[in-house]
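Okay, so here's the structure we're looking at.
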Amino acid sequence: MVAVTADPSAAFRVGDRVEARIGPVAHGGHMVARVPVGEGTDQTSVVIFVRHALPGELAIVEITDVAKRFFRGDAVEITEASADRVQAPCVVAGPGGCGGCDFQHVSLPAQRELKAAVVAEQLQRLAGLDLAVAVREVPGATDGLRWRTRMQYVALPDGGYGLRKNHSHEVVEVEDCLIAAPGARVAIAGDPPARETATETVRDRQFEVAADGFWQVHTGAPEVLVATVLELLAPRPGEKVFDLYGGVGLFAAFLAEAVGPEGSVLSIEGDPRASAFAKSNLADLRQAKVRAGRVDRVLTELDTFADLVVLDPPREGARKQAVDAVADLAARKIVYVACDPAALARDLAYFAERRYRVTEVRAFDLFPMTSHVECVALLESRL
Ligand SMILES: C[S@@+](CC[C@H](N)C(=O)[O-])C[C@H]1O[C@@H](n2cnc3c(N)ncnc32)[C@H](O)[C@@H]1O
């Protein structure tokens, strides 16, 4: 037998079951359990990242994956349940089921508390920020269901549709995904890019977007994010604003209205299809312009300044090169919209090196039933 102190990854194999007291939530939708293994002088403990559990619970955990320094597992039986546990509304949620929703078994207020803990932990660990964060409910889906405006299914050989299991290519048949909004745009994985367009309405404006192109995914997201960006940046007539990773022009449109014809808004977007839509969506606002291209490259070429900036990068964040290019604009205020708190925290640390300090972080429950959360951070120049 292998001594587990020499090789803790030998402690369990896939399929083993172990009783574990569940510890705190971690980024990624699982909870951390530290389980003692070995005996006598050989005793040590290993970390299992457990899905379908809640902090404080006692659970039987089935090992689903063995990595070098940790294990993954599913809570398949709950011996002592948390008061925050509820019956999952979805029949394919749970161990071995659909990988889409991590938190169906958690009450909605407790889901938001778990996400707040993850945001606070990422900001502390990766950016050295000690901030109390509350995750706010978003209008449009108070039961946490029917909010998703975009769905991507996988076609099954028998003609049905499904969604993938967690960390797997296996597909679970799903007839009616409970988080899909009525009339959600549906794409099938592997299909060629859509030719159709969709029209989205926000406040009094219409936005054309490719049916499979990026659009904020929660029905209530465009309004809540536009309102937050405008409130935090507080643009004044005549100001020069940059909307980075601008998509089809959602923030640029309302920022352009706020700065008026004496001001200017430049939206930079990397996807040629989205930037073409942005040009036509903003055609009535002559103070709004669109540049297609990568944010770091376009900003370096332009070598200019700004009063205000909003950036809304994809999940992996902006990264150092783009953060440096944004900081070079020397804006008075920067609003950073982020769908991954870890990527946000890493980029906030880069902004701190450039003398931008975080003065506020708001978090929104734009992805109920999942572990995902949207954050909006306000940065102000210390120069
Ligand atoms: C999270 S979306 C935000 C879109 C827009 N702000 C909105 O709310 O609709 C991120 C956008 O960044 C674009 N993108 C990704 N990497 C980029 C890069 N390096 N430079 C410019 N745009 C990029 C994507 O095509 C996508 O449209």
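Note on naming: chains are A, B, ... as they come in the structure tokens, residues start from 1 per chain, ligands start from 1 in the order shown.
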Ligand 1 neighbours within 10 Å using only C-alpha atoms and all ligand atoms, as a PyMOL selection string: chain A and resi 207+209+213-217+221-222+225-226+243-252+267-275+278+291-299+310-319+322+337-339
Contacts of Met369 (chain A) within 8 Å, only C-alpha atoms, excl. fewer than 6 positions in-chain, as a list in words: Cys101, Asp102, Phe103, Gln104, Val106, Leu108, Gln111, Gly144 and Leu145 of chain A
Please produce an output containing N, CA and C atoms for each residue in the selection, written as a PDB file, in the first residue's frame.
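Contents of the output file part12.pdb:
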```pdb
ATOM      1  N   CYS A 101     -26.133  24.114 -13.673  1.00  0.00           N
ATOM      2  CA  CYS A 101     -26.478  24.841 -12.444  1.00  0.00           C
ATOM      3  C   CYS A 101     -25.794  24.183 -11.251  1.00  0.00           C
ATOM      4  N   ASP A 102     -24.975  24.953 -10.504  1.00  0.00           N
ATOM      5  CA  ASP A 102     -24.303  24.371  -9.334  1.00  0.00           C
ATOM      6  C   ASP A 102     -25.111  24.560  -8.060  1.00  0.00           C
ATOM      7  N   PHE A 103     -26.075  25.512  -8.069  1.00  0.00           N
ATOM      8  CA  PHE A 103     -26.675  25.918  -6.790  1.00  0.00           C
ATOM      9  C   PHE A 103     -28.187  25.688  -6.731  1.00  0.00           C
ATOM     10  N   GLN A 104     -28.708  24.755  -7.531  1.00  0.00           N
ATOM     11  CA  GLN A 104     -30.153  24.514  -7.495  1.00  0.00           C
ATOM     12  C   GLN A 104     -30.631  24.048  -6.117  1.00  0.00           C
ATOM     13  N   VAL A 106     -29.770  25.196  -3.270  1.00  0.00           N
ATOM     14  CA  VAL A 106     -29.526  26.237  -2.266  1.00  0.00           C
ATOM     15  C   VAL A 106     -30.621  27.301  -2.363  1.00  0.00           C
ATOM     16  N   LEU A 108     -32.339  30.918  -2.580  1.00  0.00           N
ATOM     17  CA  LEU A 108     -31.784  32.061  -3.331  1.00  0.00           C
ATOM     18  C   LEU A 108     -31.001  33.039  -2.453  1.00  0.00           C
ATOM     19  N   GLN A 111     -27.715  31.443  -1.903  1.00  0.00           N
ATOM     20  CA  GLN A 111     -26.885  31.472  -3.129  1.00  0.00           C
ATOM     21  C   GLN A 111     -26.129  32.792  -3.198  1.00  0.00           C
ATOM     22  N   GLY A 144     -35.492  32.887  -9.479  1.00  0.00           N
ATOM     23  CA  GLY A 144     -34.208  32.376  -9.987  1.00  0.00           C
ATOM     24  C   GLY A 144     -34.335  31.555 -11.261  1.00  0.00           C
ATOM     25  N   LEU A 145     -35.535  31.496 -11.852  1.00  0.00           N
ATOM     26  CA  LEU A 145     -35.746  30.675 -13.060  1.00  0.00           C
ATOM     27  C   LEU A 145     -36.148  31.572 -14.238  1.00  0.00           C
TER      28      LEU A 145
END
```
Who sits within 8 Å of Phe305 (chain A), only C-alpha atoms, same chain under 2 positions skipped, as an MDAnalysis selection string: chainID A and resid 303 307 328:331
Tell me, which residues of region 109-263 of chain A carry DSSP helix (DSSP H, G or I), written as a PDB file with N, CA and C atoms, in the first residue's frame?
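To be explicit, this is the file written out as states.pdb:
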```
ATOM      1  N   PRO A 109     -31.506  33.398  -1.239  1.00  0.00           N
ATOM      2  CA  PRO A 109     -30.679  34.305  -0.415  1.00  0.00           C
ATOM      3  C   PRO A 109     -29.328  33.681  -0.065  1.00  0.00           C
ATOM      4  N   ALA A 110     -29.321  32.357   0.193  1.00  0.00           N
ATOM      5  CA  ALA A 110     -28.045  31.700   0.534  1.00  0.00           C
ATOM      6  C   ALA A 110     -27.135  31.614  -0.696  1.00  0.00           C
ATOM      7  N   GLN A 111     -27.715  31.443  -1.903  1.00  0.00           N
ATOM      8  CA  GLN A 111     -26.885  31.472  -3.129  1.00  0.00           C
ATOM      9  C   GLN A 111     -26.129  32.792  -3.198  1.00  0.00           C
ATOM     10  N   ARG A 112     -26.856  33.882  -2.915  1.00  0.00           N
ATOM     11  CA  ARG A 112     -26.217  35.211  -3.010  1.00  0.00           C
ATOM     12  C   ARG A 112     -25.153  35.373  -1.941  1.00  0.00           C
ATOM     13  N   GLU A 113     -25.396  34.779  -0.747  1.00  0.00           N
ATOM     14  CA  GLU A 113     -24.354  34.863   0.303  1.00  0.00           C
ATOM     15  C   GLU A 113     -23.109  34.079  -0.104  1.00  0.00           C
ATOM     16  N   LEU A 114     -23.294  32.906  -0.721  1.00  0.00           N
ATOM     17  CA  LEU A 114     -22.131  32.124  -1.171  1.00  0.00           C
ATOM     18  C   LEU A 114     -21.330  32.916  -2.198  1.00  0.00           C
ATOM     19  N   LYS A 115     -22.046  33.553  -3.138  1.00  0.00           N
ATOM     20  CA  LYS A 115     -21.347  34.317  -4.187  1.00  0.00           C
ATOM     21  C   LYS A 115     -20.635  35.517  -3.587  1.00  0.00           C
ATOM     22  N   ALA A 116     -21.270  36.162  -2.588  1.00  0.00           N
ATOM     23  CA  ALA A 116     -20.626  37.312  -1.934  1.00  0.00           C
ATOM     24  C   ALA A 116     -19.327  36.861  -1.267  1.00  0.00           C
ATOM     25  N   ALA A 117     -19.359  35.680  -0.646  1.00  0.00           N
ATOM     26  CA  ALA A 117     -18.148  35.178   0.026  1.00  0.00           C
ATOM     27  C   ALA A 117     -17.047  34.920  -1.001  1.00  0.00           C
ATOM     28  N   VAL A 118     -17.417  34.394  -2.165  1.00  0.00           N
ATOM     29  CA  VAL A 118     -16.416  34.120  -3.208  1.00  0.00           C
ATOM     30  C   VAL A 118     -15.823  35.433  -3.725  1.00  0.00           C
ATOM     31  N   VAL A 119     -16.674  36.421  -3.987  1.00  0.00           N
ATOM     32  CA  VAL A 119     -16.168  37.713  -4.489  1.00  0.00           C
ATOM     33  C   VAL A 119     -15.211  38.317  -3.458  1.00  0.00           C
ATOM     34  N   ALA A 120     -15.630  38.348  -2.185  1.00  0.00           N
ATOM     35  CA  ALA A 120     -14.783  38.952  -1.136  1.00  0.00           C
ATOM     36  C   ALA A 120     -13.453  38.203  -1.037  1.00  0.00           C
ATOM     37  N   GLU A 121     -13.513  36.883  -1.136  1.00  0.00           N
ATOM     38  CA  GLU A 121     -12.292  36.090  -0.999  1.00  0.00           C
ATOM     39  C   GLU A 121     -11.332  36.338  -2.169  1.00  0.00           C
ATOM     40  N   GLN A 122     -11.863  36.402  -3.389  1.00  0.00           N
ATOM     41  CA  GLN A 122     -11.007  36.641  -4.563  1.00  0.00           C
ATOM     42  C   GLN A 122     -10.379  38.035  -4.495  1.00  0.00           C
ATOM     43  N   LEU A 123     -11.195  39.032  -4.081  1.00  0.00           N
ATOM     44  CA  LEU A 123     -10.662  40.403  -3.996  1.00  0.00           C
ATOM     45  C   LEU A 123      -9.567  40.475  -2.939  1.00  0.00           C
ATOM     46  N   GLN A 124      -9.762  39.750  -1.829  1.00  0.00           N
ATOM     47  CA  GLN A 124      -8.774  39.770  -0.760  1.00  0.00           C
ATOM     48  C   GLN A 124      -7.486  39.076  -1.218  1.00  0.00           C
ATOM     49  N   ARG A 125      -7.649  37.867  -1.752  1.00  0.00           N
ATOM     50  CA  ARG A 125      -6.493  37.022  -2.057  1.00  0.00           C
ATOM     51  C   ARG A 125      -5.686  37.546  -3.244  1.00  0.00           C
ATOM     52  N   LEU A 126      -6.379  38.018  -4.285  1.00  0.00           N
ATOM     53  CA  LEU A 126      -5.667  38.373  -5.515  1.00  0.00           C
ATOM     54  C   LEU A 126      -5.401  39.874  -5.663  1.00  0.00           C
ATOM     55  N   ALA A 127      -6.183  40.697  -4.919  1.00  0.00           N
ATOM     56  CA  ALA A 127      -5.964  42.152  -5.061  1.00  0.00           C
ATOM     57  C   ALA A 127      -5.677  42.808  -3.715  1.00  0.00           C
ATOM     58  N   ALA A 221     -30.346  42.123 -17.176  1.00  0.00           N
ATOM     59  CA  ALA A 221     -28.948  42.589 -17.122  1.00  0.00           C
ATOM     60  C   ALA A 221     -28.698  43.914 -17.845  1.00  0.00           C
ATOM     61  N   PRO A 222     -29.196  44.081 -19.094  1.00  0.00           N
ATOM     62  CA  PRO A 222     -28.852  45.336 -19.792  1.00  0.00           C
ATOM     63  C   PRO A 222     -29.252  46.559 -18.968  1.00  0.00           C
ATOM     64  N   GLU A 223     -30.490  46.558 -18.433  1.00  0.00           N
ATOM     65  CA  GLU A 223     -30.944  47.728 -17.680  1.00  0.00           C
ATOM     66  C   GLU A 223     -30.108  47.934 -16.420  1.00  0.00           C
ATOM     67  N   VAL A 224     -29.870  46.866 -15.664  1.00  0.00           N
ATOM     68  CA  VAL A 224     -29.169  47.025 -14.393  1.00  0.00           C
ATOM     69  C   VAL A 224     -27.718  47.458 -14.634  1.00  0.00           C
ATOM     70  N   LEU A 225     -27.096  46.946 -15.684  1.00  0.00           N
ATOM     71  CA  LEU A 225     -25.690  47.313 -15.941  1.00  0.00           C
ATOM     72  C   LEU A 225     -25.580  48.721 -16.515  1.00  0.00           C
ATOM     73  N   VAL A 226     -26.488  49.073 -17.429  1.00  0.00           N
ATOM     74  CA  VAL A 226     -26.460  50.441 -17.981  1.00  0.00           C
ATOM     75  C   VAL A 226     -26.660  51.445 -16.842  1.00  0.00           C
ATOM     76  N   ALA A 227     -27.656  51.192 -15.980  1.00  0.00           N
ATOM     77  CA  ALA A 227     -27.934  52.125 -14.875  1.00  0.00           C
ATOM     78  C   ALA A 227     -26.712  52.240 -13.959  1.00  0.00           C
ATOM     79  N   THR A 228     -26.045  51.116 -13.680  1.00  0.00           N
ATOM     80  CA  THR A 228     -24.899  51.131 -12.760  1.00  0.00           C
ATOM     81  C   THR A 228     -23.715  51.867 -13.386  1.00  0.00           C
ATOM     82  N   VAL A 229     -23.446  51.594 -14.666  1.00  0.00           N
ATOM     83  CA  VAL A 229     -22.320  52.258 -15.358  1.00  0.00           C
ATOM     84  C   VAL A 229     -22.551  53.773 -15.372  1.00  0.00           C
ATOM     85  N   LEU A 230     -23.789  54.194 -15.694  1.00  0.00           N
ATOM     86  CA  LEU A 230     -24.073  55.636 -15.755  1.00  0.00           C
ATOM     87  C   LEU A 230     -23.961  56.262 -14.370  1.00  0.00           C
ATOM     88  N   GLU A 231     -24.468  55.562 -13.356  1.00  0.00           N
ATOM     89  CA  GLU A 231     -24.422  56.134 -11.998  1.00  0.00           C
ATOM     90  C   GLU A 231     -22.970  56.252 -11.509  1.00  0.00           C
ATOM     91  N   LEU A 232     -22.181  55.222 -11.729  1.00  0.00           N
ATOM     92  CA  LEU A 232     -20.813  55.241 -11.195  1.00  0.00           C
ATOM     93  C   LEU A 232     -19.899  56.187 -11.972  1.00  0.00           C
ATOM     94  N   LEU A 233     -20.054  56.238 -13.308  1.00  0.00           N
ATOM     95  CA  LEU A 233     -19.191  57.140 -14.080  1.00  0.00           C
ATOM     96  C   LEU A 233     -19.676  58.586 -14.005  1.00  0.00           C
ATOM     97  N   LEU A 250     -23.954  48.635 -26.443  1.00  0.00           N
ATOM     98  CA  LEU A 250     -24.923  48.846 -25.358  1.00  0.00           C
ATOM     99  C   LEU A 250     -24.548  50.030 -24.463  1.00  0.00           C
ATOM    100  N   PHE A 251     -23.357  50.012 -23.866  1.00  0.00           N
ATOM    101  CA  PHE A 251     -22.996  51.114 -22.956  1.00  0.00           C
ATOM    102  C   PHE A 251     -22.705  52.391 -23.752  1.00  0.00           C
ATOM    103  N   ALA A 252     -22.063  52.226 -24.936  1.00  0.00           N
ATOM    104  CA  ALA A 252     -21.691  53.399 -25.740  1.00  0.00           C
ATOM    105  C   ALA A 252     -22.916  54.262 -26.048  1.00  0.00           C
ATOM    106  N   ALA A 253     -24.053  53.628 -26.342  1.00  0.00           N
ATOM    107  CA  ALA A 253     -25.249  54.388 -26.737  1.00  0.00           C
ATOM    108  C   ALA A 253     -25.685  55.330 -25.617  1.00  0.00           C
ATOM    109  N   PHE A 254     -25.780  54.798 -24.393  1.00  0.00           N
ATOM    110  CA  PHE A 254     -26.299  55.631 -23.296  1.00  0.00           C
ATOM    111  C   PHE A 254     -25.243  56.616 -22.794  1.00  0.00           C
ATOM    112  N   LEU A 255     -23.971  56.238 -22.913  1.00  0.00           N
ATOM    113  CA  LEU A 255     -22.903  57.182 -22.555  1.00  0.00           C
ATOM    114  C   LEU A 255     -22.888  58.331 -23.560  1.00  0.00           C
ATOM    115  N   ALA A 256     -23.112  58.013 -24.844  1.00  0.00           N
ATOM    116  CA  ALA A 256     -23.117  59.060 -25.880  1.00  0.00           C
ATOM    117  C   ALA A 256     -24.272  60.029 -25.641  1.00  0.00           C
ATOM    118  N   GLU A 257     -25.429  59.497 -25.240  1.00  0.00           N
ATOM    119  CA  GLU A 257     -26.553  60.396 -24.930  1.00  0.00           C
ATOM    120  C   GLU A 257     -26.172  61.318 -23.770  1.00  0.00           C
ATOM    121  N   ALA A 258     -25.454  60.746 -22.768  1.00  0.00           N
ATOM    122  CA  ALA A 258     -25.119  61.527 -21.563  1.00  0.00           C
ATOM    123  C   ALA A 258     -24.078  62.620 -21.846  1.00  0.00           C
ATOM    124  N   VAL A 259     -23.090  62.348 -22.705  1.00  0.00           N
ATOM    125  CA  VAL A 259     -22.056  63.381 -22.957  1.00  0.00           C
ATOM    126  C   VAL A 259     -22.510  64.387 -24.009  1.00  0.00           C
TER     127      VAL A 259
END
```
Which residue of A:Val265, A:Val171, A:Asp324, A:Val18 approaches Pro235 (chain A) most closely, using only C-alpha atoms: A:Val265
Distance query Glu173 (chain A) at most 10 Å, only C-alpha atoms, self and fewer than 2 positions along chain excluded, as an MDAnalysis selection string: chainID A and resid 92 97:98 153:156 160:164 170:171 175:177
Atoms kept (N, CA and C atoms) for selection, written as a compact mmCIF listing (two decimals), in the first residue's frame:
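Saved file again.txt follows:
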```txt
# COMPACT_ATOMS: atom_id res chain seq x y z
N VAL A 92 -33.01 17.45 -13.47
CA VAL A 92 -31.71 16.95 -13.91
C VAL A 92 -30.54 17.62 -13.19
N GLY A 97 -25.88 14.67 -12.90
CA GLY A 97 -26.85 15.33 -13.79
C GLY A 97 -26.21 16.42 -14.62
N CYS A 98 -27.05 17.36 -15.05
CA CYS A 98 -26.61 18.48 -15.90
C CYS A 98 -25.55 19.30 -15.17
N TYR A 153 -27.59 24.30 -26.74
CA TYR A 153 -27.82 22.88 -26.48
C TYR A 153 -26.87 22.04 -27.32
N VAL A 154 -26.80 20.75 -26.97
CA VAL A 154 -26.04 19.79 -27.76
C VAL A 154 -27.07 18.85 -28.40
N ALA A 155 -26.91 18.62 -29.72
CA ALA A 155 -27.86 17.71 -30.39
C ALA A 155 -27.52 16.26 -30.04
N LEU A 156 -28.55 15.46 -29.75
CA LEU A 156 -28.35 14.04 -29.43
C LEU A 156 -28.63 13.20 -30.68
N GLY A 160 -33.05 14.38 -30.02
CA GLY A 160 -33.34 15.24 -28.87
C GLY A 160 -32.20 16.22 -28.62
N TYR A 161 -32.32 16.99 -27.53
CA TYR A 161 -31.30 17.98 -27.17
C TYR A 161 -30.90 17.82 -25.71
N GLY A 162 -29.70 18.25 -25.41
CA GLY A 162 -29.28 18.13 -24.02
C GLY A 162 -28.23 19.14 -23.65
N LEU A 163 -27.76 19.01 -22.41
CA LEU A 163 -26.71 19.88 -21.88
C LEU A 163 -25.63 19.00 -21.29
N ARG A 164 -24.39 19.52 -21.25
CA ARG A 164 -23.27 18.69 -20.81
C ARG A 164 -23.24 18.51 -19.30
N GLU A 170 -20.09 14.15 -21.77
CA GLU A 170 -21.37 13.42 -21.73
C GLU A 170 -22.53 14.41 -21.66
N VAL A 171 -23.63 14.02 -22.30
CA VAL A 171 -24.76 14.94 -22.41
C VAL A 171 -25.97 14.37 -21.67
N GLU A 175 -35.29 18.57 -21.78
CA GLU A 175 -36.39 18.98 -22.65
C GLU A 175 -36.75 20.43 -22.44
N ASP A 176 -36.71 20.85 -21.18
CA ASP A 176 -37.14 22.21 -20.86
C ASP A 176 -36.23 22.73 -19.76
N CYS A 177 -35.19 23.45 -20.17
CA CYS A 177 -34.26 23.98 -19.16
C CYS A 177 -34.97 25.09 -18.37
```
Residue with smallest distance to Ala352 (chain A) - pool A:Gly128, A:Gly140, A:Glu262, A:Phe364, counting only C-alpha atoms: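 Under the stated criterion, the closest residue is A:Gly128.
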Residues of region 241-328 of chain A in strand (DSSP E or B), written as a ChimeraX atom specification: /A:241-244,264-269,288-292,308-311
Env of Pro8 (chain A): 10 Å cut, atoms = only C-alpha atoms, seq-sep filter 4 positions within chain, self excluded. Answer as a compact mmCIF listing (two decimals) with C-alpha atoms, in the first residue's frame.
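Result file is part-v9.txt:
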```txt
# COMPACT_ATOMS: atom_id res chain seq x y z
CA VAL A 2 1.25 3.54 -0.83
CA ALA A 3 1.82 5.73 2.25
CA VAL A 4 -0.60 8.65 1.80
CA PHE A 12 -8.86 7.77 -3.01
CA VAL A 37 -6.48 10.13 5.61
CA GLY A 38 -3.87 7.59 6.72
CA GLN A 43 -1.92 10.63 9.03
CA THR A 44 -2.48 13.72 6.88
CA SER A 45 -5.44 15.45 5.28
CA VAL A 46 -6.51 15.94 1.69
CA VAL A 47 -8.71 18.53 0.02
CA LYS A 68 -2.17 15.76 -8.15
CA ARG A 69 -2.93 17.88 -5.08
CA PHE A 70 -6.69 17.57 -4.59
CA PHE A 71 -9.78 15.54 -5.40
```
Test item: residues at most 9 Å from Glu380 (chain A), only C-alpha atoms, excluding those fewer than 3 positions along its chain, as a ChimeraX atom specification: /A:331-335,355-359
d(CA of Ala134 (chain A), CA of Val50 (chain A)) in Å: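 If I compute the distance from CA of Ala134 (chain A) to CA of Val50 (chain A), I get 24.0 Å.
Of the listed residues (A:Leu383, A:Ala276, A:Leu54, A:Val32), A:Leu54 comes nearest to Asp84 (chain A); the distances count only C-alpha atoms.
Taking CA of Gln87 (chain A) and CA of Asp143 (chain A) as the two end points, the separation is 13.2 Å.
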Computed interatomic separation between CA of Ala67 (chain A) and CA of Arg17 (chain A) (Å): 16.3 Å
Contacts of Ala187 (chain A) at 8 Å (only C-alpha atoms; same-chain gap of 5+ positions) as an MDAnalysis selection string: chainID A and resid 150:153 212
What does the file look like for those residues with C-alpha atoms, as a short mmCIF file (atom, residue, chain, number, x, y, z; two decimals), in the first residue's frame?
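As a result, out.cif now contains:
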```cif
data_model
loop_
_atom_site.label_atom_id
_atom_site.label_comp_id
_atom_site.auth_asym_id
_atom_site.auth_seq_id
_atom_site.Cartn_x
_atom_site.Cartn_y
_atom_site.Cartn_z
CA ARG A 150 -29.34 32.69 -24.76
CA MET A 151 -29.13 28.88 -24.65
CA GLN A 152 -26.71 26.51 -26.32
CA TYR A 153 -27.82 22.88 -26.48
CA ASP A 212 -25.56 33.79 -31.75
#
```
